[in-house]
Each structure stands twice: as C-alpha cells, then as structure tokens.
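Okay, structure first, notes after.
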Amino acid sequence: MAEQFRVHDRIVTYLDSAPWPPGVAQHVAPVGLAGGGQGAGSQNTLVLIHAFPMNADMWEAQLDGAPAGWRYLAPDLRGFGRSDPDQANGTVAPSMDDYARDILALLDHLRIDRAVVAGLSMGGYAAFALFRLAPMRVRGLVLANTRAEADSEEARKARAEMLDLLARGGVAAVADQMLPRLLGETTRVQRAGVQERVRAIARANSAGGIRDAIMRMMNRSDSSELLRDVTCPTLVIASDEDTVTPADRAREMLAAIPGAQLATIVGAGHLSNLEQPGDFNLALQRFLSQRYGG
Ligand code: MLT
C-alpha cells in the first residue's frame with residue numbers, strides 16, 4: 001500500500017485498498033493526508049477539522065509541515081469542498097454530531113483507533129461533539145480559535161440573518177460578509193494573497209453545506225461542562241487579532257481543562273493557521289513532541 005501522499009490529492013489509492021462498506025457514512029472527503037510511513041492502525045494521527053465557511057484546503061500549510069512520525073488527515077466536512085452534498089438538506093435538524101460521526105466513520109475506515117483531534121473555530125465545535133460521542137477515540141485535543149459555549153441569543157439571531165443572506169446572495173455573499181472578520185489587521189494590510197486564498201476557498205463550498213453548517217452551529221450544545229472531563233493532552237491556540245473568538249475564550253478553556261497548554265499566535269486574526277502558518281505549525285509540533293515524544 002502506498003503510504004506517502006501529496007497534499008491535496010484525494011487519497012484514492014489509500015481508500016481503494018479498503019473500499020467503504022455499504023451503508024457506512026461516506027460524506028466526508030479526506031482531501032489531505034500528509035506525513036508517511038505510519039500505515040493503517042498507526043497511533044500517530046492528527047485529524048484537522050476546518051472552520052466555517054472554509055474547507056480542508058485551509059490546512060495546506062499544516063499538511064505540508066507534518067512532522068516525522070505523524071500523519072495529518074484533513075477531511076472536508078459534508079457539504080464542503082469535495083465531500084458529498086450534505087444529506088441533511090434542511091429537512092431534519094442538522095447537528096454537529098453529524099460531522100463527528102462522519103469523522104469517526106473515516107477513522108474506522110482507515111483503521112485508526114485513536115487520533116489527536118484538532119479543530120479551528122467550527123472545527124473545534126465538531127471536536128467537542130466527537131469527544132462527547134467517543135472520548136476513548138480522542139488521544140489529544142487542539143482547540144484553535146474556538147469556544148466551548150453554545151450560541152447566545154444574539155449569535156443565533158445573527159445566524160438567522162446569515163441564512164437569509166445565503167438565500168438571497170448565495171455562498172459568495174456569505175463569504176464576502178465574513179472575510180473582513182476572519183482575518184486580522186496584519187494579514188489584511190500585509191498579505192493580500194491570504195485574503196484572496198480565503199475568499200476562493202470559501203466560495204468553493206456548496207450553498208447546502210453552508211446552510212446546514214450554520215444550522216449546526218446554531219443548534220450546537222454548550223460544551224463548557226465537558227471541559228472538566230477532558231483528561232487527554234490539550235493545546236489551546238489563540239491569536240492576538242482574533243475578534244470572532246477573542247483570546248478570553250481560550251483563557252477560559254485553559255482554566256477549565258486540567259493540564260491544558262496555551263499557545264498565542266501573534267499577528268493573526270481568526271484563521272491563525274493560514275495567517276501565521278509557520279508559528280501555528282511550530283506550536284503544533286512542540287505540543288506533539290512534548291506530549292507524545294519523538
Ligand atoms: C468559524 O470560523 O468556524 C466560524 O466563525 C465559527 C462561528 O461562526 O461560530
């Protein structure tokens with residue numbers, strides 16, 4: 001079996017070697033698998049769960065920087081990027097658990113028992129859902145630019161307005177509205193290329209995927225109580241120019257999760273991994289080597 005994949009190739013060779021059994025959820029598209037030499041069943045897997053309204057392409061620099069001995073796996077959540085269309089289709093209440101179950105099915109399929117699970121913002125909400133459903137599968141957590149609380153009334157109202165905007169203006173309108181908030185001032189002023197990349201990634205998603213993601217975020221459970229049950233190694237990542245999830249949210253999680261570590265990325269807004277990829281990679285790599293050796 002081939003074990004080394006180029007970033008952003010769909011991992012067809014890998015998946016073809018073990019086709020999905022009939023009836024197993026197959027909504028996620030594992031667009032990135034980087035690192036190598038670990039084979040199926042390896043313990044050293046990091047799953048990277050993307051933010052809203054992004055897709056797995058946002059993890060390009062992390063997939064490129066996977067340290068030796070680690071396999072980084074970045075799926076497109078259902079309805080995003082190259083995944084299946086979102087089956088929820090607005091007909092049932094879409095839940096964050098859908099994403100969590102899809103990722104668990106992907107891990108099953110790849111015969112990965114336990115993984116370190118990293119999520120940025122909405123990816124963090126999905127990581128909490130996964131931890132709630134299957135804590136034994138989570139070997140560690142990386143909670144980047146995210147929060148444990150559920151949406152406030154005000155946030156739910158803003159989500160409802162975003163659903164209207166999506167219905168009127170499509171994915172491009174949502175992407176354009178969100179873009180200025182997603183990036184920090186340093187990036188907006190100094191790195192126009194990042195802005196354009198983020199816009200392109202966001203616009204590549206389907207309207208159904210965006211709609212159901214908004215509903216999943218609106219309906220998500222509060223995970224504040226869950227934090228004290230997190231006993232696995234945990235890295236919390238914040239950034240100094242993030243106005244969507246201010247660093248206070250990170251400090252609250254740090255205080256509540258026993259033994260958690262904090263890394264603050266300087267000169268980055270909400271999408272810290274894209275805005276300061278070198279520092280983000282370093283924080284990840286230090287955490288993995290300190291907590292898992294190698
Ligand atoms: C994200 O970056 O995933 C979203 O901004 C999260 C949210 O809107 O709550």
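How things are named: the first chain in the structure tokens is A, the next is B, and so on; residues count from 1 in each chain; ligands count from 1 in the order shown.
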**Request:** Please give the complete set of residues from region 65-221 of chain A that DSSP, run on the backbone, assigns to strand (DSSP E or B), formatted as an MDAnalysis selection string.
**Result:** chainID A and resid 71:76 115:120 138:144
**Request:** Please write out the residues within 6 Å of ligand 1 as a list in words, counting only C-alpha atoms and all ligand atoms.
**Result:** Ala51, Phe52, Ser121 and Met122 of chain A
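Take the candidates A:Ala93, A:Ala150, A:Cys232, A:Ala100 and check each one against Arg291 (chain A) using only C-alpha atoms; the shortest distance goes to A:Cys232.
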**Request:** Output as a PyMOL selection string all residues of region 71-255 of chain A that backbone DSSP marks as alpha helix (DSSP H).
**Result:** chain A and resi 96-109+122-133+153-182+185-190+192-203+207-219+247-255
Within 10 Å of region 167-188 of chain A: each region 231-278 of chain A residue with its shortest pair, only C-alpha atoms, as a Markdown table:
| residue | atom | partner | partner_atom | distance |
| --- | --- | --- | --- | --- |
| A:Ser239 | CA | A:Gly184 | CA | 9.0 |
| A:Asp240 | CA | A:Gly184 | CA | 8.5 |
| A:Glu241 | CA | A:Gly184 | CA | 5.1 |
| A:Asp242 | CA | A:Gly184 | CA | 6.3 |
| A:Thr243 | CA | A:Arg181 | CA | 7.0 |
| A:Val244 | CA | A:Arg181 | CA | 6.7 |
| A:Thr245 | CA | A:Leu182 | CA | 9.8 |
| A:Val266 | CA | A:Thr186 | CA | 9.5 |
| A:Gly267 | CA | A:Thr186 | CA | 5.7 |
| A:Ala268 | CA | A:Gly184 | CA | 5.2 |
| A:Gly269 | CA | A:Gly184 | CA | 3.6 |
| A:His270 | CA | A:Leu182 | CA | 5.1 |
| A:Leu271 | CA | A:Leu182 | CA | 6.1 |
| A:Ser272 | CA | A:Leu183 | CA | 8.2 |
| A:Leu274 | CA | A:Leu183 | CA | 9.1 |
| A:Glu275 | CA | A:Thr187 | CA | 6.3 |
| A:Gln276 | CA | A:Thr187 | CA | 8.8 |
I need the chosen residues saved as an mmCIF file, in the first residue's frame, with N, CA, C and O atoms.
data_model
loop_
_atom_site.group_PDB
_atom_site.id
_atom_site.type_symbol
_atom_site.label_atom_id
_atom_site.label_comp_id
_atom_site.auth_asym_id
_atom_site.auth_seq_id
_atom_site.Cartn_x
_atom_site.Cartn_y
_atom_site.Cartn_z
ATOM 1 N N SER A 239 -5.222 33.771 19.096
ATOM 2 C CA SER A 239 -4.360 34.738 18.409
ATOM 3 C C SER A 239 -4.749 36.151 18.802
ATOM 4 O O SER A 239 -5.897 36.407 19.171
ATOM 5 N N ASP A 240 -3.761 37.027 18.732
ATOM 6 C CA ASP A 240 -3.952 38.346 19.347
ATOM 7 C C ASP A 240 -4.852 39.285 18.548
ATOM 8 O O ASP A 240 -5.283 40.301 19.056
ATOM 9 N N GLU A 241 -5.152 38.958 17.278
ATOM 10 C CA GLU A 241 -6.013 39.850 16.485
ATOM 11 C C GLU A 241 -7.344 39.182 16.135
ATOM 12 O O GLU A 241 -8.007 39.579 15.184
ATOM 13 N N ASP A 242 -7.711 38.166 16.900
ATOM 14 C CA ASP A 242 -8.961 37.444 16.607
ATOM 15 C C ASP A 242 -10.132 38.172 17.266
ATOM 16 O O ASP A 242 -10.232 38.219 18.487
ATOM 17 N N THR A 243 -11.024 38.730 16.463
ATOM 18 C CA THR A 243 -12.197 39.412 17.026
ATOM 19 C C THR A 243 -13.430 38.504 17.001
ATOM 20 O O THR A 243 -14.422 38.787 17.648
ATOM 21 N N VAL A 244 -13.375 37.407 16.243
ATOM 22 C CA VAL A 244 -14.511 36.465 16.204
ATOM 23 C C VAL A 244 -14.515 35.641 17.489
ATOM 24 O O VAL A 244 -15.555 35.462 18.133
ATOM 25 N N THR A 245 -13.360 35.122 17.855
ATOM 26 C CA THR A 245 -13.220 34.371 19.109
ATOM 27 C C THR A 245 -12.074 34.996 19.902
ATOM 28 O O THR A 245 -10.917 34.586 19.772
ATOM 29 N N VAL A 266 0.891 35.444 17.378
ATOM 30 C CA VAL A 266 0.947 36.907 17.274
ATOM 31 C C VAL A 266 0.830 37.332 15.812
ATOM 32 O O VAL A 266 1.379 36.683 14.917
ATOM 33 N N GLY A 267 0.070 38.415 15.591
ATOM 34 C CA GLY A 267 -0.076 38.929 14.221
ATOM 35 C C GLY A 267 -1.055 38.123 13.392
ATOM 36 O O GLY A 267 -0.952 38.066 12.169
ATOM 37 N N ALA A 268 -2.023 37.498 14.069
ATOM 38 C CA ALA A 268 -3.019 36.701 13.345
ATOM 39 C C ALA A 268 -4.414 36.990 13.879
ATOM 40 O O ALA A 268 -4.584 37.279 15.063
ATOM 41 N N GLY A 269 -5.396 36.893 12.994
ATOM 42 C CA GLY A 269 -6.791 37.007 13.385
ATOM 43 C C GLY A 269 -7.367 35.624 13.625
ATOM 44 O O GLY A 269 -6.693 34.750 14.173
ATOM 45 N N HIS A 270 -8.611 35.430 13.150
ATOM 46 C CA HIS A 270 -9.338 34.204 13.461
ATOM 47 C C HIS A 270 -8.725 32.974 12.785
ATOM 48 O O HIS A 270 -8.663 31.906 13.371
ATOM 49 N N LEU A 271 -8.275 33.133 11.549
ATOM 50 C CA LEU A 271 -7.744 31.964 10.817
ATOM 51 C C LEU A 271 -6.227 31.879 11.046
ATOM 52 O O LEU A 271 -5.415 32.023 10.121
ATOM 53 N N SER A 272 -5.860 31.636 12.282
ATOM 54 C CA SER A 272 -4.450 31.740 12.680
ATOM 55 C C SER A 272 -3.546 30.798 11.899
ATOM 56 O O SER A 272 -2.405 31.118 11.600
ATOM 57 N N LEU A 274 -3.736 29.931 8.822
ATOM 58 C CA LEU A 274 -3.467 30.448 7.471
ATOM 59 C C LEU A 274 -2.680 31.748 7.531
ATOM 60 O O LEU A 274 -1.914 32.060 6.625
ATOM 61 N N GLU A 275 -2.910 32.493 8.604
ATOM 62 C CA GLU A 275 -2.301 33.824 8.675
ATOM 63 C C GLU A 275 -0.843 33.770 9.131
ATOM 64 O O GLU A 275 -0.013 34.525 8.662
ATOM 65 N N GLN A 276 -0.564 32.862 10.065
ATOM 66 C CA GLN A 276 0.824 32.704 10.549
ATOM 67 C C GLN A 276 1.137 31.201 10.539
ATOM 68 O O GLN A 276 1.304 30.582 11.606
#
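The gap separating CA of Ala144 (chain A) from CA of Arg203 (chain A) is 22.6 Å, in Å to one decimal.
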**Prompt:** Between A:Ala200, A:Ala158, A:Leu284, A:Ala148, which is the closest to Glu225 (chain A) once you count only C-alpha atoms?
**Reply:**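 With only C-alpha atoms as the atom set, the closest residue is A:Ala148.
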**Message:** Report as a PyMOL selection string all protein, DNA and RNA residues lying within 12 Å of Arg286 (chain A), evaluated on only C-alpha atoms, omitting residues in the same chain fewer than 5 positions from it.
**Reply:** chain A and resi 66-67+235+261-263+279-281+291-294
**Prompt:** Can you tell me how far CA of Leu63 (chain A) sits from CA of Val198 (chain A), in Å to one decimal?
**Reply:** 16.7 Å
